[in-house]
$ cat my_file11.cif   # mmCIF, C-alpha atoms
data_upload
#
loop_
_atom_site.label_atom_id
_atom_site.label_comp_id
_atom_site.auth_asym_id
_atom_site.auth_seq_id
_atom_site.Cartn_x
_atom_site.Cartn_y
_atom_site.Cartn_z
CA MET A 1 -48.33 86.72 -91.63
CA LYS A 2 -46.70 89.66 -89.83
CA LYS A 3 -49.68 90.03 -87.57
CA TYR A 4 -49.51 86.35 -86.76
CA ILE A 5 -45.85 86.58 -85.73
CA LEU A 6 -46.51 89.68 -83.65
CA PHE A 7 -49.36 87.90 -81.93
CA LEU A 8 -47.15 84.89 -81.19
CA ILE A 9 -44.42 87.08 -79.69
CA LEU A 10 -46.93 88.96 -77.54
CA PHE A 11 -48.55 85.77 -76.39
CA ALA A 12 -45.18 84.18 -75.58
CA SER A 13 -44.03 87.20 -73.65
CA ILE A 14 -47.25 87.32 -71.62
CA ILE A 15 -46.95 83.65 -70.73
CA PHE A 16 -43.29 84.04 -69.93
CA ASN A 17 -44.00 87.06 -67.75
CA THR A 18 -46.70 85.37 -65.72
CA PHE A 19 -44.48 82.32 -65.34
CA ALA A 20 -41.53 84.44 -64.26
CA GLN A 21 -43.67 86.28 -61.72
CA GLU A 22 -44.88 83.03 -60.27
CA THR A 23 -41.41 81.65 -59.71
CA LYS A 24 -40.25 84.98 -58.35
CA GLU A 25 -42.98 84.99 -55.76
CA LYS A 26 -42.50 81.46 -54.62
CA ASP A 27 -38.73 81.00 -54.68
CA LYS A 28 -37.41 83.26 -51.93
CA PRO A 29 -33.85 83.44 -50.66
CA VAL A 30 -33.18 81.13 -47.72
CA SER A 31 -33.14 82.78 -44.34
CA ALA A 32 -30.09 83.03 -42.10
CA THR A 33 -27.43 80.90 -43.76
CA PHE A 34 -25.34 82.28 -40.92
CA GLU A 35 -26.32 84.37 -37.96
CA SER A 36 -24.17 87.39 -38.71
CA GLY A 37 -21.68 88.82 -41.17
CA TYR A 38 -18.84 87.54 -39.03
CA LEU A 39 -17.80 83.98 -38.37
CA ILE A 40 -14.96 84.05 -35.83
CA ASP A 41 -12.40 86.07 -37.82
CA ASN A 42 -13.80 85.35 -41.26
CA GLN A 43 -16.70 86.82 -43.17
CA THR A 44 -19.85 84.98 -44.09
CA VAL A 45 -22.00 85.42 -47.19
CA ILE A 46 -24.52 87.33 -45.12
CA VAL A 47 -25.17 90.99 -45.86
CA PRO A 48 -27.83 92.39 -43.51
CA ASP A 49 -30.97 94.16 -44.73
CA VAL A 50 -30.62 97.58 -46.30
CA LYS A 51 -30.10 100.50 -43.87
CA THR A 52 -28.71 98.27 -41.16
CA LEU A 53 -25.80 99.31 -39.01
CA GLU A 54 -23.62 96.56 -37.62
CA TYR A 55 -21.15 97.05 -34.80
CA ALA A 56 -18.49 94.41 -34.23
CA ILE A 57 -16.03 93.83 -31.41
CA GLN A 58 -13.40 91.19 -32.15
CA HIS A 59 -10.91 90.33 -29.48
CA LYS A 60 -8.16 87.75 -29.20
CA PHE A 61 -6.25 87.17 -26.00
CA GLY A 62 -2.58 86.26 -25.83
CA SER A 63 -1.27 82.77 -26.48
CA MET A 64 -2.46 79.90 -24.26
CA ASP A 65 1.09 78.60 -24.35
CA ASN A 66 1.90 79.24 -20.68
CA GLY A 67 -1.15 77.39 -19.38
CA LYS A 68 -2.59 78.26 -16.03
CA SER A 69 0.23 80.59 -15.00
CA ASP A 70 -1.37 83.35 -17.06
CA LEU A 71 -4.88 81.86 -17.07
CA TRP A 72 -4.61 80.43 -20.59
CA GLY A 73 -3.67 83.73 -22.14
CA ILE A 74 -6.10 86.07 -20.42
CA TYR A 75 -3.33 87.72 -18.39
CA SER A 76 -0.65 87.41 -21.06
CA PRO A 77 0.45 90.23 -23.37
CA GLY A 78 0.04 90.05 -27.13
CA ALA A 79 -3.72 90.50 -27.14
CA ASN A 80 -5.35 92.02 -30.20
CA ILE A 81 -8.63 93.82 -30.69
CA ARG A 82 -10.63 95.22 -33.59
CA LEU A 83 -13.60 97.54 -33.48
CA GLY A 84 -15.64 97.71 -36.65
CA LEU A 85 -18.69 99.48 -38.02
CA ASN A 86 -20.54 98.25 -41.11
CA TYR A 87 -23.43 99.85 -42.90
CA VAL A 88 -25.65 98.62 -45.73
CA PRO A 89 -26.44 101.69 -47.86
CA ILE A 90 -28.01 99.80 -50.76
CA LYS A 91 -29.46 96.36 -51.00
CA ASN A 92 -26.83 93.60 -50.79
CA VAL A 93 -23.89 96.01 -50.56
CA GLN A 94 -22.15 96.62 -47.28
CA LEU A 95 -19.43 99.13 -46.52
CA GLY A 96 -17.37 99.10 -43.37
CA ILE A 97 -14.47 100.55 -41.47
CA GLY A 98 -12.47 99.18 -38.60
CA ALA A 99 -9.46 99.71 -36.38
CA THR A 100 -7.16 96.96 -35.18
CA LYS A 101 -4.56 97.13 -32.43
CA LYS A 102 -1.95 94.94 -34.10
CA TYR A 103 0.14 97.06 -36.49
CA MET A 104 -2.42 99.84 -35.90
CA TYR A 105 -4.37 98.75 -38.97
CA THR A 106 -7.19 100.93 -40.22
CA ASP A 107 -9.31 98.97 -42.64
CA PHE A 108 -11.99 99.81 -45.17
CA ASN A 109 -14.05 96.97 -46.48
CA ALA A 110 -16.85 96.28 -48.92
CA LYS A 111 -19.06 93.27 -49.32
CA TRP A 112 -21.48 92.47 -52.10
CA ALA A 113 -23.92 89.61 -51.98
CA VAL A 114 -24.05 88.69 -55.67
CA LEU A 115 -26.28 85.64 -55.45
CA LYS A 116 -28.48 84.29 -52.70
CA GLN A 117 -29.41 80.67 -52.33
CA THR A 118 -33.14 80.19 -52.81
CA GLU A 119 -35.52 77.91 -51.01
CA LYS A 120 -36.41 75.95 -54.13
CA ASN A 121 -32.80 75.58 -55.17
CA LYS A 122 -33.16 77.60 -58.33
CA ILE A 123 -29.92 79.16 -57.10
CA PRO A 124 -28.22 76.39 -55.14
CA VAL A 125 -25.55 78.51 -53.40
CA SER A 126 -24.99 82.00 -52.09
CA VAL A 127 -22.08 83.93 -53.56
CA THR A 128 -20.55 87.00 -51.97
CA LEU A 129 -17.55 89.12 -52.87
CA TYR A 130 -15.53 90.73 -50.11
CA GLY A 131 -12.67 93.19 -50.29
CA VAL A 132 -10.53 94.90 -47.67
CA LEU A 133 -8.05 97.73 -47.94
CA ALA A 134 -5.94 98.18 -44.83
CA ILE A 135 -3.42 100.81 -43.81
CA ASP A 136 -0.54 99.86 -41.57
CA GLY A 137 -0.48 102.76 -39.12
CA ARG A 138 2.71 102.06 -37.22
CA ASN A 139 5.30 104.72 -36.71
CA ALA A 140 7.93 104.28 -39.43
CA ASN A 141 10.62 104.10 -36.73
CA SER A 142 9.22 100.85 -35.46
CA ILE A 143 9.29 99.17 -38.89
CA GLU A 144 12.90 98.00 -39.09
CA THR A 145 14.90 100.89 -40.63
CA GLY A 146 11.80 102.76 -41.72
CA LYS A 147 12.94 102.55 -45.33
CA VAL A 148 11.92 100.42 -48.29
CA VAL A 149 13.45 99.38 -51.59
CA SER A 150 11.59 98.38 -54.73
CA THR A 151 13.88 95.45 -55.53
CA LYS A 152 16.41 93.47 -53.58
CA GLY A 153 19.14 94.62 -55.94
CA PRO A 154 21.33 97.71 -55.51
CA THR A 155 18.58 100.33 -55.51
CA LEU A 156 18.23 103.43 -53.42
CA PRO A 157 16.04 102.98 -50.33
CA TYR A 158 13.43 105.64 -49.53
CA TYR A 159 11.33 106.40 -46.49
CA ILE A 160 8.04 104.55 -46.09
CA LYS A 161 5.15 106.34 -47.81
CA LEU A 162 1.41 105.88 -47.56
CA ASP A 163 1.42 103.58 -50.61
CA ASP A 164 3.79 101.20 -48.88
CA ARG A 165 1.49 100.86 -45.91
CA LEU A 166 -1.43 99.54 -47.95
CA SER A 167 -2.49 95.95 -48.14
CA TYR A 168 -5.34 94.37 -50.01
CA PHE A 169 -7.52 91.35 -49.53
CA SER A 170 -10.18 90.12 -51.94
CA GLN A 171 -12.27 87.06 -51.51
CA MET A 172 -15.04 85.14 -53.18
CA ILE A 173 -17.24 83.29 -50.73
CA ILE A 174 -19.61 80.47 -51.68
CA ALA A 175 -21.98 79.11 -49.08
CA ARG A 176 -24.83 76.68 -48.87
CA LYS A 177 -27.35 76.13 -46.14
CA PHE A 178 -27.81 72.38 -46.35
CA SER A 179 -30.41 72.18 -43.64
CA ASP A 180 -31.55 74.12 -40.62
CA TRP A 181 -28.65 72.76 -38.61
CA LEU A 182 -25.84 72.73 -41.16
CA SER A 183 -24.33 75.56 -43.21
CA LEU A 184 -20.99 75.25 -44.94
CA GLN A 185 -18.91 77.82 -46.72
CA VAL A 186 -15.85 77.74 -48.94
CA ALA A 187 -13.87 80.70 -50.21
CA ALA A 188 -10.82 81.59 -52.23
CA SER A 189 -8.86 84.73 -51.56
CA PHE A 190 -6.03 86.83 -52.87
CA THR A 191 -3.87 88.91 -50.54
CA HIS A 192 -1.37 91.55 -51.53
CA TYR A 193 0.95 93.58 -49.33
CA ASN A 194 2.71 96.57 -50.83
CA MET A 195 5.54 96.27 -48.34
CA VAL A 196 6.84 93.10 -46.73
CA GLY A 197 9.88 91.90 -44.82
CA TRP A 198 13.01 90.84 -46.64
CA ASP A 199 12.15 87.13 -46.87
CA ASN A 200 8.41 87.36 -47.45
CA ASP A 201 6.12 87.20 -50.45
CA HIS A 202 3.91 90.07 -51.50
CA ASP A 203 1.12 87.92 -52.91
CA LYS A 204 -0.68 85.06 -51.28
CA ILE A 205 -3.53 82.92 -52.51
CA GLY A 206 -5.60 81.26 -49.84
CA LEU A 207 -8.43 78.79 -49.41
CA HIS A 208 -10.99 79.01 -46.64
CA PHE A 209 -13.45 76.54 -45.24
CA ASN A 210 -15.91 77.35 -42.50
CA GLY A 211 -19.22 76.28 -41.19
CA ARG A 212 -21.88 76.18 -38.56
CA ILE A 213 -23.57 73.23 -36.89
CA LYS A 214 -26.63 74.31 -34.96
CA LEU A 215 -27.06 72.69 -31.57
CA SER A 216 -30.24 74.47 -30.55
CA GLN A 217 -32.34 77.44 -31.56
CA GLN A 218 -29.75 79.93 -30.33
CA SER A 219 -26.46 78.12 -29.99
CA SER A 220 -24.25 76.45 -32.55
CA PHE A 221 -20.80 75.02 -33.04
CA ILE A 222 -18.71 77.05 -35.48
CA PHE A 223 -15.35 76.46 -37.06
CA ASN A 224 -13.09 77.89 -39.70
CA TYR A 225 -9.89 76.94 -41.40
CA ASP A 226 -7.78 79.27 -43.56
CA HIS A 227 -5.00 77.82 -45.62
CA PRO A 228 -2.44 80.08 -47.31
CA LEU A 229 -1.11 78.20 -50.31
CA LYS A 230 2.60 77.83 -51.03
CA ILE A 231 2.82 78.41 -54.77
CA LYS A 232 6.28 78.47 -56.19
CA ASN A 233 5.24 80.28 -59.37
CA ILE A 234 4.10 83.43 -57.58
CA SER A 235 6.70 83.29 -54.85
CA GLU A 236 9.63 85.68 -54.80
CA GLN A 237 11.77 83.53 -52.58
CA TYR A 238 14.99 82.06 -53.84
CA GLU A 239 15.26 79.59 -51.03
CA TRP A 240 12.30 77.54 -49.95
CA ILE A 241 12.39 77.86 -46.17
CA ASP A 242 9.35 76.83 -44.13
CA ALA A 243 9.83 79.62 -41.60
CA ASN A 244 9.19 82.19 -44.34
CA HIS A 245 5.69 80.92 -45.07
CA PRO A 246 2.55 81.73 -43.14
CA LEU A 247 0.83 78.87 -41.36
CA PRO A 248 -2.81 77.83 -41.59
CA ASN A 249 -5.33 79.29 -39.17
CA LEU A 250 -7.72 76.98 -37.36
CA CYS A 251 -10.50 78.26 -35.12
CA PHE A 252 -13.45 76.57 -33.48
CA GLY A 253 -15.94 77.74 -30.94
CA VAL A 254 -19.50 78.30 -29.89
CA GLU A 255 -21.94 80.89 -31.16
CA ILE A 256 -24.91 82.18 -29.24
CA ALA A 257 -27.14 84.31 -31.41
CA THR A 258 -30.35 86.25 -31.18
CA TYR A 259 -32.15 88.18 -33.89
CA THR A 260 -29.87 91.24 -33.81
CA HIS A 261 -26.91 89.98 -31.90
CA ALA A 262 -24.29 87.25 -32.15
CA PHE A 263 -21.74 86.25 -29.56
CA GLN A 264 -18.97 83.90 -30.58
CA ILE A 265 -16.34 82.56 -28.21
CA TYR A 266 -13.60 80.47 -29.69
CA VAL A 267 -10.09 79.10 -29.62
CA GLY A 268 -7.96 79.97 -32.61
CA THR A 269 -4.47 80.15 -34.04
CA ALA A 270 -3.76 83.47 -35.73
CA ASP A 271 -3.18 86.55 -33.59
CA GLY A 272 -4.19 88.85 -36.44
CA ILE A 273 -7.82 89.80 -36.92
CA ILE A 274 -8.08 91.42 -40.34
CA PRO A 275 -7.99 88.76 -43.07
CA GLN A 276 -4.84 89.87 -44.91
CA ASP A 277 -2.90 89.82 -41.66
CA ILE A 278 -4.10 86.27 -40.97
CA MET A 279 -3.18 85.12 -44.47
CA MET A 280 0.23 86.79 -44.57
CA ASN A 281 1.62 87.05 -41.05
CA ASN A 282 0.41 84.06 -39.07
CA ARG A 283 3.37 82.13 -37.67
CA ASN A 284 1.48 80.37 -34.86
CA ASP A 285 1.09 76.64 -35.27
CA TRP A 286 -2.11 75.04 -33.97
CA ARG A 287 -0.32 71.70 -33.66
CA ASP A 288 2.28 73.28 -31.40
CA LYS A 289 0.47 75.18 -28.63
CA GLY A 290 -0.17 78.18 -30.89
CA LEU A 291 -3.75 78.69 -29.76
CA ALA A 292 -5.46 81.62 -28.08
CA ILE A 293 -8.92 82.36 -26.73
CA GLY A 294 -10.98 85.01 -28.47
CA PHE A 295 -14.47 86.34 -28.91
CA THR A 296 -16.51 88.20 -31.49
CA ILE A 297 -19.60 90.21 -30.68
CA THR A 298 -21.85 91.74 -33.32
CA ARG A 299 -24.88 93.92 -32.85
CA LEU A 300 -27.31 95.09 -35.50
CA TRP A 301 -29.40 98.24 -35.56
CA MET A 302 -32.11 98.60 -38.18
CA PHE A 303 -33.11 102.08 -39.21
CA MET B 1 -29.93 102.22 -58.48
CA LYS B 2 -28.10 100.13 -61.05
CA ILE B 3 -25.75 103.01 -61.78
CA LEU B 4 -25.05 103.37 -58.06
CA LYS B 5 -24.23 99.67 -57.85
CA LEU B 6 -21.93 99.91 -60.82
CA PHE B 7 -20.25 102.94 -59.29
CA PHE B 8 -19.64 101.11 -56.03
CA ALA B 9 -18.31 98.09 -57.89
CA ILE B 10 -15.84 100.26 -59.81
CA VAL B 11 -14.72 102.06 -56.66
CA ALA B 12 -14.27 98.74 -54.89
CA LEU B 13 -12.33 97.28 -57.81
CA SER B 14 -10.10 100.32 -58.11
CA PHE B 15 -9.35 99.99 -54.40
CA LEU B 16 -8.43 96.39 -54.90
CA PHE B 17 -6.25 96.68 -57.95
CA ASN B 18 -4.84 100.17 -57.80
CA GLY B 19 -1.31 100.94 -56.82
CA CYS B 20 0.10 97.50 -56.23
CA LEU B 21 3.70 97.86 -55.17
CA TYR B 22 6.28 95.17 -54.60
CA ASN B 23 8.51 96.84 -52.04
CA PHE B 24 10.67 95.32 -49.35
CA VAL B 25 11.38 96.75 -45.94
CA VAL B 26 15.11 97.36 -45.62
CA PRO B 27 16.27 95.29 -42.66
CA GLU B 28 18.34 96.91 -39.95
CA ASP B 29 22.05 97.00 -40.45
CA VAL B 30 23.11 95.56 -37.11
CA PRO B 31 26.46 97.00 -35.96
CA VAL B 32 29.20 94.65 -34.85
CA ILE B 33 30.84 95.52 -31.55
CA ASN B 34 33.92 93.53 -30.64
CA PRO B 35 34.30 93.48 -26.83
CA ASP B 36 37.97 92.46 -27.00
CA ASP B 37 39.01 95.43 -29.12
CA PRO B 38 40.42 98.14 -26.78
CA ASN B 39 40.23 100.77 -29.55
CA ALA B 40 36.53 100.24 -30.24
CA PRO B 41 34.49 103.44 -29.80
CA GLN B 42 32.98 103.70 -26.34
CA ILE B 43 29.23 103.40 -26.12
CA SER B 44 27.82 106.37 -24.25
CA PHE B 45 25.12 105.73 -21.69
CA ALA B 46 23.66 109.21 -21.96
CA THR B 47 23.56 109.52 -25.74
CA GLN B 48 23.10 105.92 -26.90
CA ILE B 49 21.51 103.88 -24.13
CA VAL B 50 19.06 106.36 -22.59
CA PRO B 51 17.41 107.20 -25.96
CA ILE B 52 16.58 103.48 -26.40
CA PHE B 53 14.52 103.71 -23.22
CA THR B 54 13.00 107.14 -23.63
CA SER B 55 12.50 107.84 -27.36
CA GLY B 56 8.81 107.66 -28.13
CA ASN B 57 8.26 106.54 -24.53
CA ASN B 58 9.55 103.19 -25.70
CA CYS B 59 10.23 101.77 -22.24
CA THR B 60 9.35 104.73 -20.07
CA SER B 61 5.65 104.44 -20.79
CA CYS B 62 5.66 101.74 -18.08
CA HIS B 63 9.11 102.04 -16.50
CA ASN B 64 8.72 105.56 -15.19
CA THR B 65 9.26 107.15 -11.82
CA GLY B 66 6.83 105.55 -9.41
CA GLY B 67 5.82 102.96 -12.00
CA GLN B 68 7.17 99.59 -12.97
CA ILE B 69 10.76 98.94 -11.80
CA PRO B 70 13.41 99.63 -13.05
CA ASP B 71 12.80 103.34 -13.45
CA LEU B 72 14.26 104.06 -16.91
CA THR B 73 13.69 107.82 -17.14
CA ALA B 74 16.79 109.73 -18.20
CA GLU B 75 17.53 111.08 -14.70
CA ASN B 76 17.14 107.76 -12.86
CA ALA B 77 18.03 105.10 -15.40
CA PHE B 78 21.67 104.62 -14.40
CA SER B 79 21.09 104.41 -10.65
CA ALA B 80 18.19 102.03 -11.25
CA LEU B 81 20.21 99.73 -13.49
CA ASN B 82 23.50 99.90 -11.62
CA SER B 83 22.99 96.70 -9.64
CA THR B 84 23.72 93.02 -10.04
CA ARG B 85 20.02 92.46 -10.48
CA TYR B 86 20.20 93.91 -13.99
CA ILE B 87 23.87 93.87 -14.91
CA ASN B 88 26.11 90.83 -14.76
CA SER B 89 29.60 92.12 -15.46
CA SER B 90 31.26 88.68 -15.45
CA SER B 91 28.97 87.30 -18.16
CA PRO B 92 27.31 90.26 -19.90
CA GLU B 93 25.02 88.02 -22.01
CA GLU B 94 23.21 86.98 -18.84
CA SER B 95 22.51 90.53 -17.69
CA LYS B 96 18.78 90.84 -17.19
CA ILE B 97 18.61 94.24 -18.88
CA TYR B 98 19.88 92.51 -22.03
CA ALA B 99 18.79 88.86 -21.87
CA TRP B 100 15.23 89.45 -20.69
CA ILE B 101 14.36 91.87 -23.50
CA GLN B 102 16.58 90.78 -26.40
CA PRO B 103 14.68 90.05 -29.64
CA ASP B 104 14.90 86.24 -29.48
CA SER B 105 13.79 85.93 -25.86
CA ASP B 106 10.44 84.51 -24.82
CA SER B 107 10.18 86.92 -21.91
CA HIS B 108 9.05 90.56 -21.70
CA LEU B 109 6.47 90.08 -24.43
CA GLN B 110 5.24 93.66 -24.06
CA LYS B 111 8.15 94.99 -26.09
CA LYS B 112 11.58 93.85 -27.14
CA TYR B 113 14.76 95.55 -28.26
CA THR B 114 15.38 95.70 -31.96
CA ALA B 115 18.47 93.79 -33.06
CA THR B 116 20.50 97.02 -33.16
CA GLU B 117 19.36 98.14 -29.73
CA ALA B 118 20.23 94.74 -28.26
CA VAL B 119 23.75 94.91 -29.68
CA ILE B 120 24.28 98.41 -28.27
CA ILE B 121 23.02 97.41 -24.80
CA LEU B 122 25.21 94.31 -24.77
CA GLY B 123 28.22 96.31 -25.98
CA TRP B 124 27.71 98.87 -23.23
CA ILE B 125 27.69 96.15 -20.56
CA GLN B 126 30.75 94.52 -22.11
CA GLN B 127 32.57 97.84 -21.94
CA GLY B 128 31.93 98.01 -18.21
CA ALA B 129 28.41 99.53 -18.02
CA LYS B 130 29.79 102.99 -17.33
CA ASN B 131 27.77 106.11 -16.66
CA ASN B 132 29.32 108.09 -19.48
#
$ encode --input "my_file11.cif" --output "structure tokens"
Amino acid sequence: MKKYILFLILFASIIFNTFAQETKEKDKPVSATFESGYLIDNQTVIVPDVKTLEYAIQHKFGSMDNGKSDLWGIYSPGANIRLGLNYVPIKNVQLGIGATKKYMYTDFNAKWAVLKQTEKNKIPVSVTLYGVLAIDGRNANSIETGKVVSTKGPTLPYYIKLDDRLSYFSQMIIARKFSDWLSLQVAASFTHYNMVGWDNDHDKIGLHFNGRIKLSQQSSFIFNYDHPLKIKNISEQYEWIDANHPLPNLCFGVEIATYTHAFQIYVGTADGIIPQDIMMNNRNDWRDKGLAIGFTITRLWMF
Amino acid sequence: MKILKLFFAIVALSFLFNGCLYNFVVPEDVPVINPDDPNAPQISFATQIVPIFTSGNNCTSCHNTGGQIPDLTAENAFSALNSTRYINSSSPEESKIYAWIQPDSDSHLQKKYTATEAVIILGWIQQGAKNN
């Protein structure tokens, strides 16, 4: 009897193994859900191949508000730029650093592609986790009084420390490549700032929606929309004033991509570039002239 | 490899959830200067106004000698500003050195005064824009 059971188990495992190998060989991850790790000022589910170095230049001009007098923002002040370097040390895990002009942010980020959509739909969507830690590098003298308090009550203020300068952003991104010409992506995020202005919230939950519509082999229409939610339960505001809440960020543009390179030119709302800044500090309104021209360039090197 | 992945995940998580503070930046305590009070302390151009321009090259990074007018370096600031172009003594609020750069203006987007600095500049003009 024992021998019989052992034989059955062995037989089952052999069959299962061969079956598993077959599906593994045939059901590969889909290729190029998006063209690069960046989509305008958001992240995509894409993590490049292992040992790839990615260099990103993200630039946003000043507001288009003044029209042709400052060439739709190209001559106007208030421009912002970020230079970033990302490296993929192990499969599906990317680590990166970057520097942003606004608030002199230095950011460290990590991205992990947990699941990849497969061609036979065994896994229907790609799932990626993304996290950013940023340091506000401004001189303390230029941040109001340069002091912080831990509560709004009668507590003793102290000078801004490194801890106060930190902000965090974590995001779960879910994407699906519906066809060769359409990829859509949704995400939910949590943003935390250790130090905020008197009337602001420290925590912010946001929803993101972005996508790509391919127009030809190389060019596509891209868009993204980030919506910071107003949730009364996690808010620290006594009075519910609209001016104290960040506004949604809408961007749309054109992407021209080659195998190792993506160029995206767009019109968008937020003047921040790192995600927590967009979710927490955007006061530009896309319905009220709050748009600016920007571009993102990425370049990959495989080693 | 799995251990490495786990390690990276833990490091990433600790980055994300470590040291969350809920601090507020203390807003500036903006002084009140009453222009009609003859006993109000005089605002000194040399010790209160010039530092606004020069500390940390705040204004003087562009407005320096030979650069953008007005020249706001400590030696030249008064002679550069002492004209009706920048100072309107009959209605101080319209003085360009105040109105153009005050925090709520839509002009001079490069940099603006903080609320405190704006009050001090306005007070100085109200007190006669003296070179004291």
$ resolve_selection --input "my_file11.cif" --expression "the PyMOL selection byres ((chain B) within 6 of (chain A))" --output "mmCIF file with C-alpha atoms, in the frame of the given file"
data_model
loop_
_atom_site.group_PDB
_atom_site.id
_atom_site.type_symbol
_atom_site.label_atom_id
_atom_site.label_comp_id
_atom_site.auth_asym_id
_atom_site.auth_seq_id
_atom_site.Cartn_x
_atom_site.Cartn_y
_atom_site.Cartn_z
ATOM 1 C CA LEU B 21 3.700 97.860 -55.170
ATOM 2 C CA TYR B 22 6.280 95.170 -54.600
ATOM 3 C CA ASN B 23 8.510 96.840 -52.040
ATOM 4 C CA PHE B 24 10.670 95.320 -49.350
ATOM 5 C CA VAL B 25 11.380 96.750 -45.940
ATOM 6 C CA VAL B 26 15.110 97.360 -45.620
ATOM 7 C CA PRO B 27 16.270 95.290 -42.660
ATOM 8 C CA GLU B 28 18.340 96.910 -39.950
ATOM 9 C CA GLN B 110 5.240 93.660 -24.060
#
$ resolve_selection --input "my_file11.cif" --expression "the PyMOL selection byres ((chain B and resi 123) around 12)" --output "count of residues only"
35
$ residues_around --input "my_file11.cif" --residues "Phe295 of chain A" --least-positions-apart "3" --cutoff "12 Å" --atoms "all atoms listed in the file" --output "number ranges by chain"
A: 38-41, 56-61, 74, 79-82, 251-256, 262-268, 273, 292, 298
$ atom_distance --input "my_file11.cif" --atom1 "atom CA of Thr52 of chain A" --atom2 "atom CA of Gly84 of chain A"
13.8 Å
$ resolve_selection --input "my_file11.cif" --expression "the PyMOL selection byres ((chain B and resi 63) around 12)" --output "count of residues only"
25
$ atom_distance --input "my_file11.cif" --atom1 "atom CA of Pro48 of chain A" --atom2 "atom CA of Pro89 of chain A"
10.4 Å
$ atom_distance --input "my_file11.cif" --atom1 "atom CA of Ala187 of chain A" --atom2 "atom CA of Pro248 of chain A"
14.3 Å
$ closest_residue --input "my_file11.cif" --among "B:Val50, B:Asp104, B:Leu109, B:Val30" --to "Phe78 of chain B" --atoms "all atoms listed in the file"
B:Val50
$ closest_residue --input "my_file11.cif" --among "A:Val186, A:Met279, A:Ile222, A:Ile274" --to "Ile205 of chain A" --atoms "all atoms listed in the file"
A:Met279
$ residues_around --input "my_file11.cif" --residues "Lys122 of chain A" --least-positions-apart "2" --cutoff "10 Å" --atoms "all atoms listed in the file" --output "PyMOL selection string"
chain A and resi 23+27-29+116-120+124-125
$ write_last_selection --input "my_file11.cif" --atoms "C-alpha atoms" --output "compact mmCIF listing (two decimals), in the frame of the given file"
# COMPACT_ATOMS: atom_id res chain seq x y z
CA THR A 23 -41.41 81.65 -59.71
CA ASP A 27 -38.73 81.00 -54.68
CA LYS A 28 -37.41 83.26 -51.93
CA PRO A 29 -33.85 83.44 -50.66
CA LYS A 116 -28.48 84.29 -52.70
CA GLN A 117 -29.41 80.67 -52.33
CA THR A 118 -33.14 80.19 -52.81
CA GLU A 119 -35.52 77.91 -51.01
CA LYS A 120 -36.41 75.95 -54.13
CA PRO A 124 -28.22 76.39 -55.14
CA VAL A 125 -25.55 78.51 -53.40
$ axis_aligned_box --input "my_file11.cif" --around "segment 117-135 of chain A" --padding-each-side "8 Å" --output "lines of an AutoDock Vina configuration file"
center_x = -19.9
center_y = 88.2
center_z = -51.1
size_x = 49.0
size_y = 41.2
size_z = 30.5
